[in-house]
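Next comes coords26.txt, a file with compact mmCIF, C-alpha atoms and all ligand atoms.
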```
# COMPACT_ATOMS: atom_id res chain seq x y z
CA MET A 46 0.00 0.00 0.00
CA THR A 47 2.79 2.41 0.97
CA GLN A 48 4.53 1.51 -2.28
CA ILE A 49 1.43 2.37 -4.33
CA THR A 50 1.05 5.66 -2.46
CA ASP A 51 4.72 6.55 -3.03
CA ASN A 52 4.37 5.80 -6.74
CA ASP A 53 1.20 7.87 -6.91
CA ALA A 54 2.84 10.74 -5.05
CA ARG A 55 5.76 10.74 -7.49
CA ALA A 56 3.43 10.56 -10.50
CA ILE A 57 1.29 13.40 -9.12
CA GLU A 58 4.33 15.63 -8.68
CA GLU A 59 5.54 14.83 -12.21
CA LEU A 60 2.10 15.66 -13.62
CA ARG A 61 1.97 18.89 -11.61
CA ALA A 62 5.35 19.90 -12.99
CA ARG A 63 4.24 19.04 -16.51
CA LEU A 64 0.98 21.02 -16.24
CA GLY A 65 2.73 23.94 -14.54
CA SER A 66 0.66 27.12 -14.28
CA ARG A 67 -2.23 25.49 -16.17
CA LEU A 68 -3.09 23.59 -12.96
CA THR A 69 -4.02 24.64 -9.42
CA ILE A 70 -4.90 22.04 -6.79
CA VAL A 71 -6.93 23.24 -3.84
CA GLY A 72 -7.83 21.24 -0.75
CA HIS A 73 -9.94 21.43 2.39
CA HIS A 74 -8.34 20.97 5.82
CA TYR A 75 -10.15 17.61 6.29
CA GLN A 76 -8.25 15.99 3.44
CA ARG A 77 -5.89 13.14 4.24
CA GLU A 78 -2.20 13.97 4.35
CA GLU A 79 -1.49 12.01 1.14
CA ALA A 80 -3.85 14.33 -0.79
CA ILE A 81 -3.35 17.70 0.91
CA ARG A 82 0.42 17.57 0.53
CA HIS A 83 -0.09 18.12 -3.22
CA CYS A 84 -2.38 21.15 -2.81
CA ASP A 85 -1.27 24.65 -3.84
CA ILE A 86 -4.01 26.22 -1.71
CA ARG A 87 -5.43 24.86 1.55
CA GLY A 88 -8.30 26.40 3.46
CA ASP A 89 -11.62 26.29 5.20
CA SER A 90 -14.79 26.64 3.12
CA LEU A 91 -14.72 30.43 3.23
CA GLU A 92 -11.06 30.80 2.26
CA LEU A 93 -11.43 28.35 -0.62
CA ALA A 94 -14.49 30.18 -1.99
CA ARG A 95 -12.62 33.48 -1.70
CA ARG A 96 -9.50 32.23 -3.45
CA VAL A 97 -11.16 30.64 -6.51
CA PRO A 98 -11.94 33.88 -8.42
CA GLY A 99 -8.23 34.80 -8.22
CA ILE A 100 -6.95 31.54 -9.73
CA ASP A 101 -5.57 31.87 -13.28
CA ALA A 102 -5.06 28.16 -14.09
CA ASP A 103 -7.16 26.45 -16.78
CA HIS A 104 -7.76 23.46 -14.50
CA ILE A 105 -8.71 23.67 -10.82
CA VAL A 106 -8.61 20.30 -9.09
CA PHE A 107 -10.62 20.32 -5.90
CA CYS A 108 -9.68 17.96 -3.07
CA GLY A 109 -12.84 18.15 -0.99
CA VAL A 110 -16.52 17.29 -1.30
CA TYR A 111 -19.00 17.95 -4.10
CA PHE A 112 -20.65 21.15 -2.79
CA MET A 113 -17.21 22.77 -2.51
CA ALA A 114 -16.31 21.86 -6.10
CA GLU A 115 -19.73 23.11 -7.28
CA SER A 116 -19.17 26.47 -5.58
CA ALA A 117 -15.73 26.65 -7.18
CA ALA A 118 -17.24 25.87 -10.61
CA LEU A 119 -19.74 28.67 -10.05
CA LEU A 120 -17.03 31.17 -9.13
CA ALA A 121 -14.55 30.01 -11.78
CA ARG A 122 -13.91 32.05 -14.91
CA GLU A 123 -15.28 31.28 -18.35
CA GLY A 124 -13.26 28.42 -19.84
CA GLN A 125 -11.82 27.20 -16.53
CA GLN A 126 -12.48 23.59 -15.59
CA VAL A 127 -13.14 22.44 -12.00
CA LEU A 128 -12.40 18.78 -11.37
CA LEU A 129 -13.26 16.63 -8.36
CA PRO A 130 -11.28 13.36 -8.22
CA ASP A 131 -14.38 11.45 -7.02
CA HIS A 132 -17.81 12.85 -7.95
CA GLY A 133 -19.32 10.56 -5.31
CA ALA A 134 -17.65 12.57 -2.51
CA ASP A 135 -20.80 14.24 -1.23
CA CYS A 136 -21.51 15.86 2.14
CA VAL A 137 -24.06 13.96 4.24
CA MET A 138 -25.40 17.21 5.65
CA ALA A 139 -25.81 18.75 2.19
CA GLN A 140 -27.88 15.71 1.19
CA MET A 141 -30.35 16.51 3.99
CA THR A 142 -31.85 19.40 2.00
CA PRO A 143 -33.38 18.40 -1.35
CA ALA A 144 -33.86 21.58 -3.43
CA ALA A 145 -37.45 20.80 -4.48
CA LEU A 146 -38.50 20.24 -0.87
CA LEU A 147 -36.83 23.47 0.24
CA ASP A 148 -38.57 25.39 -2.55
CA ARG A 149 -41.95 24.00 -1.48
CA VAL A 150 -41.37 24.68 2.21
CA LEU A 151 -40.15 28.24 1.53
CA GLY A 152 -43.22 28.83 -0.63
CA ARG A 153 -45.46 27.78 2.28
CA LEU A 154 -43.54 29.85 4.85
CA THR A 155 -43.71 33.02 2.77
CA ALA A 156 -47.25 32.61 1.36
CA SER A 157 -48.59 35.02 4.01
CA GLY A 158 -46.32 37.76 2.65
CA ARG A 159 -43.71 37.36 5.40
CA LYS A 160 -40.20 38.43 4.34
CA LEU A 161 -38.35 35.40 5.64
CA ILE A 162 -34.74 35.47 4.43
CA PRO A 163 -33.13 32.08 3.74
CA LEU A 164 -29.52 31.72 4.86
CA ALA A 165 -27.86 28.57 3.51
CA TYR A 166 -24.76 27.10 5.06
CA VAL A 167 -22.28 26.57 2.22
CA ASN A 168 -22.73 22.81 2.84
CA THR A 169 -25.67 22.68 0.40
CA SER A 170 -26.07 21.72 -3.24
CA LEU A 171 -25.91 24.34 -5.95
CA ALA A 172 -29.62 23.76 -6.63
CA VAL A 173 -30.38 24.69 -3.00
CA LYS A 174 -28.20 27.80 -3.24
CA ALA A 175 -30.21 28.75 -6.34
CA VAL A 176 -33.51 28.45 -4.42
CA VAL A 177 -32.02 30.59 -1.63
CA GLY A 178 -30.78 33.16 -4.15
CA ARG A 179 -34.24 33.42 -5.74
CA TYR A 180 -35.75 34.24 -2.33
CA GLY A 181 -33.22 37.05 -1.74
CA GLY A 182 -31.07 34.98 0.61
CA ALA A 183 -27.37 34.32 0.93
CA VAL A 184 -24.79 31.69 1.77
CA CYS A 185 -22.65 31.54 4.90
CA THR A 186 -19.82 29.40 6.23
CA SER A 187 -18.90 28.48 9.77
CA ALA A 188 -16.31 31.30 9.68
CA ASN A 189 -18.82 34.07 8.97
CA ALA A 190 -22.15 32.66 10.23
CA GLU A 191 -22.52 35.37 12.90
CA LYS A 192 -21.92 38.20 10.44
CA MET A 193 -24.26 36.64 7.86
CA LEU A 194 -27.01 35.96 10.40
CA ASN A 195 -26.91 39.64 11.33
CA TRP A 196 -26.96 40.50 7.63
CA ALA A 197 -30.00 38.28 7.04
CA PHE A 198 -31.94 39.81 9.94
CA ARG A 199 -31.37 43.25 8.40
CA GLN A 200 -32.90 42.11 5.09
CA GLY A 201 -36.31 40.93 6.31
CA ASP A 202 -38.52 40.12 9.28
CA GLY A 203 -37.13 36.67 10.02
CA VAL A 204 -34.42 34.22 8.97
CA PHE A 205 -34.69 30.65 7.72
CA PHE A 206 -31.34 28.93 8.36
CA LEU A 207 -30.49 25.66 6.62
CA PRO A 208 -29.50 22.89 6.85
CA ASP A 209 -27.39 22.82 10.04
CA LYS A 210 -29.55 23.36 13.12
CA ASN A 211 -26.45 23.15 15.34
CA LEU A 212 -24.45 25.86 13.60
CA ALA A 213 -27.64 27.94 13.55
CA ARG A 214 -28.29 27.61 17.29
CA ASN A 215 -24.64 28.10 18.22
CA THR A 216 -24.56 31.28 16.14
CA ALA A 217 -27.95 32.50 17.38
CA ARG A 218 -26.75 32.23 20.98
CA LYS A 219 -23.95 34.69 20.22
CA LEU A 220 -26.60 37.17 19.02
CA GLY A 221 -28.71 36.64 22.13
CA ILE A 222 -31.40 34.70 20.26
CA THR A 223 -32.79 32.02 22.56
CA GLY A 224 -34.69 28.79 22.00
CA ARG A 225 -37.95 30.71 22.52
CA ASP A 226 -37.35 32.77 19.36
CA THR A 227 -36.38 29.67 17.38
CA HIS A 228 -38.42 26.96 15.67
CA ILE A 229 -37.02 23.73 14.20
CA LEU A 230 -39.18 22.86 11.22
CA ASP A 231 -40.67 19.42 10.70
CA VAL A 232 -39.96 18.75 7.03
CA ARG A 233 -41.54 15.29 6.83
CA ARG A 234 -44.41 14.48 4.42
CA ALA A 235 -43.01 16.84 1.74
CA GLY A 236 -43.21 19.73 4.21
CA ASP A 237 -46.89 19.17 5.04
CA ALA A 238 -46.02 18.27 8.63
CA ALA A 239 -44.55 21.76 9.22
CA ASP A 240 -46.18 23.82 11.97
CA LEU A 241 -46.62 27.06 10.01
CA ASP A 242 -48.07 28.90 12.99
CA ALA A 243 -45.06 28.19 15.17
CA ALA A 244 -42.70 29.03 12.30
CA ASP A 245 -44.50 32.33 11.74
CA LYS A 246 -43.99 33.35 15.37
CA ALA A 247 -40.28 32.45 15.39
CA ALA A 248 -37.60 35.01 14.47
CA LEU A 249 -35.33 32.16 13.42
CA VAL A 250 -36.68 29.09 11.61
CA LEU A 251 -34.32 26.12 11.29
CA TRP A 252 -34.01 23.20 8.92
CA PRO A 253 -33.50 20.02 11.00
CA GLY A 254 -30.10 19.04 9.51
CA LEU A 255 -26.79 18.20 11.14
CA CYS A 256 -23.38 16.68 10.47
CA ALA A 257 -23.19 13.05 11.55
CA ILE A 258 -19.42 13.33 11.98
CA HIS A 259 -19.73 16.19 14.50
CA ALA A 260 -22.80 14.68 16.17
CA ARG A 261 -20.46 12.00 17.56
CA PHE A 262 -18.97 14.46 20.06
CA ASN A 263 -20.82 14.69 23.37
CA THR A 264 -20.43 16.36 26.74
CA GLY A 265 -19.40 13.05 28.35
CA LEU A 266 -16.22 13.10 26.25
CA ILE A 267 -15.47 16.65 27.39
CA GLU A 268 -16.04 15.72 31.06
CA ALA A 269 -13.70 12.73 30.68
CA ALA A 270 -11.02 14.93 29.06
CA ARG A 271 -11.25 17.49 31.86
CA GLN A 272 -11.11 14.76 34.49
CA ALA A 273 -8.00 13.27 32.89
CA ASP A 274 -6.32 16.70 32.77
CA PRO A 275 -8.08 19.62 34.53
CA SER A 276 -5.76 22.12 32.84
CA CYS A 277 -6.58 20.96 29.31
CA LYS A 278 -8.46 23.06 26.75
CA VAL A 279 -11.26 21.75 24.55
CA ILE A 280 -12.06 23.35 21.20
CA VAL A 281 -14.69 22.17 18.77
CA HIS A 282 -16.28 22.95 15.42
CA PRO A 283 -19.66 24.77 15.63
CA GLU A 284 -21.36 21.89 13.80
CA CYS A 285 -21.26 20.19 17.23
CA SER A 286 -24.39 20.38 19.38
CA PRO A 287 -25.02 23.53 21.47
CA GLU A 288 -24.41 21.46 24.63
CA VAL A 289 -20.95 20.45 23.39
CA VAL A 290 -20.11 24.00 22.26
CA ARG A 291 -21.20 25.40 25.65
CA ALA A 292 -19.03 22.86 27.48
CA SER A 293 -15.95 23.66 25.38
CA ASP A 294 -13.40 26.48 25.69
CA GLY A 295 -13.88 27.65 22.12
CA ALA A 296 -15.66 26.85 18.87
CA GLY A 297 -15.02 27.93 15.31
CA SER A 298 -14.28 27.00 11.72
CA THR A 299 -11.41 24.71 10.76
CA SER A 300 -9.20 27.81 10.28
CA TYR A 301 -10.16 29.06 13.75
CA ILE A 302 -9.14 25.67 15.18
CA ILE A 303 -5.78 25.80 13.37
CA ASP A 304 -5.09 29.34 14.59
CA TYR A 305 -6.11 28.45 18.15
CA VAL A 306 -3.68 25.53 18.25
CA ARG A 307 -0.82 27.40 16.57
CA ASN A 308 -1.18 30.36 18.96
CA ALA A 309 -1.52 28.25 22.14
CA PRO A 310 1.26 28.67 24.72
CA ASP A 311 4.03 26.05 24.81
CA GLY A 312 3.12 23.00 26.87
CA SER A 313 -0.66 23.34 26.35
CA HIS A 314 -2.81 20.23 26.17
CA ILE A 315 -5.67 20.67 23.69
CA TYR A 316 -8.51 18.30 22.86
CA VAL A 317 -10.06 19.01 19.47
CA GLY A 318 -13.58 18.03 18.43
CA THR A 319 -13.57 17.92 14.65
CA GLU A 320 -12.68 15.66 11.73
CA ILE A 321 -9.74 13.39 12.56
CA ASN A 322 -7.44 14.24 9.62
CA LEU A 323 -7.16 17.86 10.73
CA VAL A 324 -6.63 16.89 14.38
CA GLU A 325 -3.90 14.39 13.54
CA ARG A 326 -2.17 16.89 11.23
CA LEU A 327 -2.13 19.49 14.03
CA ALA A 328 -0.87 16.87 16.51
CA ARG A 329 2.02 15.98 14.17
CA GLU A 330 2.79 19.62 13.42
CA GLN A 331 2.87 20.61 17.10
CA ALA A 332 4.57 17.47 18.48
CA GLY A 333 7.19 18.44 21.08
CA ARG A 334 5.57 21.85 21.71
CA LEU A 335 1.93 20.99 22.51
CA ARG A 336 -0.19 17.95 23.14
CA VAL A 337 -3.05 17.90 20.63
CA GLU A 338 -5.54 15.04 20.88
CA PRO A 339 -8.85 14.19 19.27
CA LEU A 340 -11.85 14.40 21.59
CA ARG A 341 -12.79 11.24 19.70
CA ALA A 342 -11.61 9.88 16.34
CA SER A 343 -14.38 10.92 13.94
CA ALA A 344 -13.72 10.63 10.21
CA CYS A 345 -15.67 12.05 7.27
CA SER A 346 -15.93 9.14 4.85
CA ASN A 347 -16.76 11.49 1.99
CA MET A 348 -13.69 13.67 2.45
CA ALA A 349 -11.75 10.39 2.52
CA LYS A 350 -12.93 9.50 -0.99
CA ILE A 351 -10.19 11.70 -2.43
CA THR A 352 -7.12 9.46 -2.61
CA PRO A 353 -3.68 9.71 -4.22
CA GLU A 354 -4.89 7.17 -6.78
CA ASN A 355 -7.89 9.19 -7.99
CA LEU A 356 -5.96 12.46 -7.74
CA ARG A 357 -3.33 10.95 -10.03
CA ARG A 358 -6.00 9.68 -12.46
CA THR A 359 -7.61 13.14 -12.52
CA LEU A 360 -4.31 14.78 -13.45
CA GLU A 361 -3.74 12.14 -16.13
CA SER A 362 -7.21 12.85 -17.54
CA ILE A 363 -6.28 16.55 -17.88
CA VAL A 364 -3.17 15.60 -19.83
CA ASP A 365 -4.99 13.19 -22.15
CA GLY A 366 -8.03 15.49 -22.56
CA THR A 367 -10.64 13.15 -21.02
CA ALA A 368 -11.25 15.06 -17.77
CA VAL A 369 -14.91 15.28 -16.69
CA PRO A 370 -15.51 18.67 -15.06
CA VAL A 371 -18.09 19.56 -12.41
CA THR A 372 -20.91 21.31 -14.24
CA VAL A 373 -23.34 24.02 -13.18
CA PRO A 374 -26.92 23.72 -14.45
CA GLN A 375 -27.66 26.79 -16.61
CA GLU A 376 -30.94 27.69 -14.86
CA ASP A 377 -29.37 27.62 -11.39
CA ALA A 378 -26.14 29.48 -12.16
CA ALA A 379 -27.33 33.10 -11.79
CA PRO A 380 -29.42 32.77 -8.59
CA ALA A 381 -26.85 30.49 -6.89
CA LYS A 382 -24.07 32.91 -7.78
CA ALA A 383 -26.12 35.80 -6.42
CA ALA A 384 -26.48 33.97 -3.07
CA LEU A 385 -22.73 33.26 -2.93
CA GLU A 386 -21.75 36.76 -3.99
CA ARG A 387 -24.00 38.31 -1.32
CA MET A 388 -21.82 36.48 1.20
CA LEU A 389 -18.54 37.46 -0.44
CA GLU A 390 -19.64 41.11 -0.62
CA ALA A 391 -20.98 41.21 2.95
CA CYS A 392 -17.71 39.72 4.20
CA ALA A 393 -15.28 41.48 1.84
P1 LIG B 1 -15.14 24.77 7.55
O1 LIG B 1 -15.87 25.79 6.78
O2 LIG B 1 -14.96 25.16 8.98
O3 LIG B 1 -13.86 24.43 6.89
O4 LIG B 1 -16.03 23.45 7.65
C1 LIG B 1 -16.51 22.75 6.56
C2 LIG B 1 -17.12 21.48 6.97
O5 LIG B 1 -17.62 20.75 6.17
C3 LIG B 1 -17.09 21.14 8.37
O6 LIG B 1 -17.65 19.89 8.55
FE1 LIG B 2 -20.24 17.35 5.44
FE2 LIG B 2 -19.82 16.74 8.00
FE3 LIG B 2 -18.15 15.81 6.11
FE4 LIG B 2 -18.19 18.43 6.77
S1 LIG B 2 -17.57 16.72 8.07
S2 LIG B 2 -18.13 17.56 4.71
S3 LIG B 2 -20.39 18.73 7.19
S4 LIG B 2 -20.35 15.29 6.35
```
Would you give me this structure, written as structure tokens?
Amino acid sequence: MTQITDNDARAIEELRARLGSRLTIVGHHYQREEAIRHCDIRGDSLELARRVPGIDADHIVFCGVYFMAESAALLAREGQQVLLPDHGADCVMAQMTPAALLDRVLGRLTASGRKLIPLAYVNTSLAVKAVVGRYGGAVCTSANAEKMLNWAFRQGDGVFFLPDKNLARNTARKLGITGRDTHILDVRRAGDAADLDAADKAALVLWPGLCAIHARFNTGLIEAARQADPSCKVIVHPECSPEVVRASDGAGSTSYIIDYVRNAPDGSHIYVGTEINLVERLAREQAGRLRVEPLRASACSNMAKITPENLRRTLESIVDGTAVPVTVPQEDAAPAKAALERMLEACA
């Protein structure tokens, strides 16, 4: 296995050298070491979305999951190709919001004339971003959720946050919005089970989605960590439940987590509640200076679908002209781009 990986790594570097400035490889912090080591740009969802419009290469290879590559394809220039080494690398949370269902539910929630502004976490399909864009809404990431929630409240008389109910509640708490002002929508039976009355009274309506990888962290793990070392720090991603975020010492995007660890004083002991590849990378990077440990080993199987083998095959397909790019449906391009650009402008 190591031999295959070494051969792939060598082949990838040869192909990168051959393609030169025609190629840029970007990767999310949750990528395995064997993939991210080949990336020209690494980042959290916000940084990656921000960097794409500035890339000059003809081919942008995205080491991440489908919604990230779709956003990149939307922000890419005319003639640029965005490639994802495995088109089956989807985000489980993004799959929790089918676009047609969202459209129907939003139609019902706004039928009374209420100006309810949809705010979509970037972990959504392009079709969902298009629905959000058509209703005057925007996209946000975990790095700017607070700013974008404030933005959304200024645009209308309520906000509909989707799909991550945890990120929504963790962000709402920072703005002083309590459970009483919040309603988690029942989206069963094609939206017919929704309590429209309760939704109408709530300032913040939530889609009932979450990330299964971050749902594995619980307060029992934090208590055990603190018992083992009372001086330890615990930091988590805001996709964790509000109980976990409240019990931790800090919560933020993957870039926040990286900065927290890198800026921690020598000798610190930090437990991190997020995807295991990032935690292990930080532990290796800081070995000898800090102790970085996972709160629990929780892996995103979709992020793991990008391998040195399929990255190599993707680069080969660019060279031989058979690459299959990520496409953007014509009818969704303008409204989805509007939703993304509202975020980029609000957070410029
Ligand atoms: P970040 O935006 O913090 O990188 O997170 C993306 C993600 O999918 C977390 O699960
Ligand atoms: Fe989606 Fe969760 Fe994986 Fe992030 S960690 S890509 S939210 S399934």
For ligand LIG 1 (chain B), which residue among A:Pro283, A:Pro275, A:Gly158, A:Gly178 is the nearest when counting only C-alpha atoms and all ligand atoms?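 With only C-alpha atoms and all ligand atoms as the atom set, the closest residue is A:Pro283.
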Nearest to Ala393 (chain A), restricted to only C-alpha atoms and choosing among A:Ile351, A:Ala102, A:Ala94, A:Ala172, comes out as A:Ala94
Can I get the residues of chain A within 8 Å of ligand LIG 2 (chain B), each with the closest pair of atoms and their distance in Å to one decimal, using only C-alpha atoms and all ligand atoms, sorted chain first then ascending number, as a Markdown table?
```
| residue | atom | partner | partner_atom | distance |
| --- | --- | --- | --- | --- |
| A:Tyr75 | CA | B:LIG2 | S1 | 7.7 |
| A:Gly109 | CA | B:LIG2 | S2 | 7.8 |
| A:Val110 | CA | B:LIG2 | S2 | 6.2 |
| A:Asp135 | CA | B:LIG2 | S2 | 7.3 |
| A:Cys136 | CA | B:LIG2 | FE1 | 3.8 |
| A:Val137 | CA | B:LIG2 | S4 | 4.5 |
| A:Met138 | CA | B:LIG2 | FE1 | 5.2 |
| A:Ala139 | CA | B:LIG2 | FE1 | 6.6 |
| A:Asn168 | CA | B:LIG2 | S3 | 6.4 |
| A:Leu255 | CA | B:LIG2 | S3 | 7.5 |
| A:Cys256 | CA | B:LIG2 | FE2 | 4.3 |
| A:Ala257 | CA | B:LIG2 | FE2 | 6.1 |
| A:Ile258 | CA | B:LIG2 | FE2 | 5.3 |
| A:His259 | CA | B:LIG2 | FE2 | 6.5 |
| A:Glu284 | CA | B:LIG2 | S3 | 7.4 |
| A:Thr319 | CA | B:LIG2 | S1 | 7.8 |
| A:Glu320 | CA | B:LIG2 | S1 | 6.2 |
| A:Ala344 | CA | B:LIG2 | S1 | 7.5 |
| A:Cys345 | CA | B:LIG2 | FE3 | 4.7 |
| A:Ser346 | CA | B:LIG2 | FE3 | 7.1 |
| A:Asn347 | CA | B:LIG2 | FE3 | 6.1 |
| A:Met348 | CA | B:LIG2 | FE3 | 6.2 |
```
Please find the residues contacting ligand LIG 1 (chain B) at a distance of at most 7 Å between atoms, with only C-alpha atoms and all ligand atoms counted, and report them as an MDAnalysis selection string. chainID A and resid 73:74 88:91 168 186:188 256 282 284 297:300
Deliver the residues from the most recent selection as a file, using C-alpha atoms, as a CSV table (one decimal), in the coordinates of the input.
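For reference, again.csv as written:
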```
chain,number,residue,atom,x,y,z
A,73,HIS,CA,-9.9,21.4,2.4
A,74,HIS,CA,-8.3,21.0,5.8
A,88,GLY,CA,-8.3,26.4,3.5
A,89,ASP,CA,-11.6,26.3,5.2
A,90,SER,CA,-14.8,26.6,3.1
A,91,LEU,CA,-14.7,30.4,3.2
A,168,ASN,CA,-22.7,22.8,2.8
A,186,THR,CA,-19.8,29.4,6.2
A,187,SER,CA,-18.9,28.5,9.8
A,188,ALA,CA,-16.3,31.3,9.7
A,256,CYS,CA,-23.4,16.7,10.5
A,282,HIS,CA,-16.3,23.0,15.4
A,284,GLU,CA,-21.4,21.9,13.8
A,297,GLY,CA,-15.0,27.9,15.3
A,298,SER,CA,-14.3,27.0,11.7
A,299,THR,CA,-11.4,24.7,10.8
A,300,SER,CA,-9.2,27.8,10.3
```
Could you name the residues that touch Ala292 (chain A) at 8 Å or less, counting all atoms listed in the file, but leaving out those on the same chain fewer than 2 positions away, as a CSV table (one decimal) with C-alpha atoms, in the frame of the given file?
```csv
chain,number,residue,atom,x,y,z
A,264,THR,CA,-20.4,16.4,26.7
A,267,ILE,CA,-15.5,16.6,27.4
A,288,GLU,CA,-24.4,21.5,24.6
A,289,VAL,CA,-21.0,20.4,23.4
A,290,VAL,CA,-20.1,24.0,22.3
A,294,ASP,CA,-13.4,26.5,25.7
```
Pick the closest to Leu241 (chain A) from A:Ile303, A:Leu220, A:Leu154, A:Ala328: which is it, counting only C-alpha atoms?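 Nearest to Leu241 (chain A): A:Leu154.
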Of the candidates A:Thr155, A:Asn52, A:Thr69, A:Gln76, which one gets nearest to Ala134 (chain A) if we count all atoms listed in the file?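 Nearest to Ala134 (chain A): A:Gln76.
The nearest approach to Ala144 (chain A) among the residues A:Pro208, A:Gly221, A:Gly333, A:Gly295, with all atoms listed in the file taken into account, belongs to A:Pro208.
Between Glu268 (chain A) and the candidates A:Phe198, A:Thr169, A:Asp131, A:Ser293, the tightest atom-to-atom separation, counting all atoms listed in the file, involves A:Ser293.
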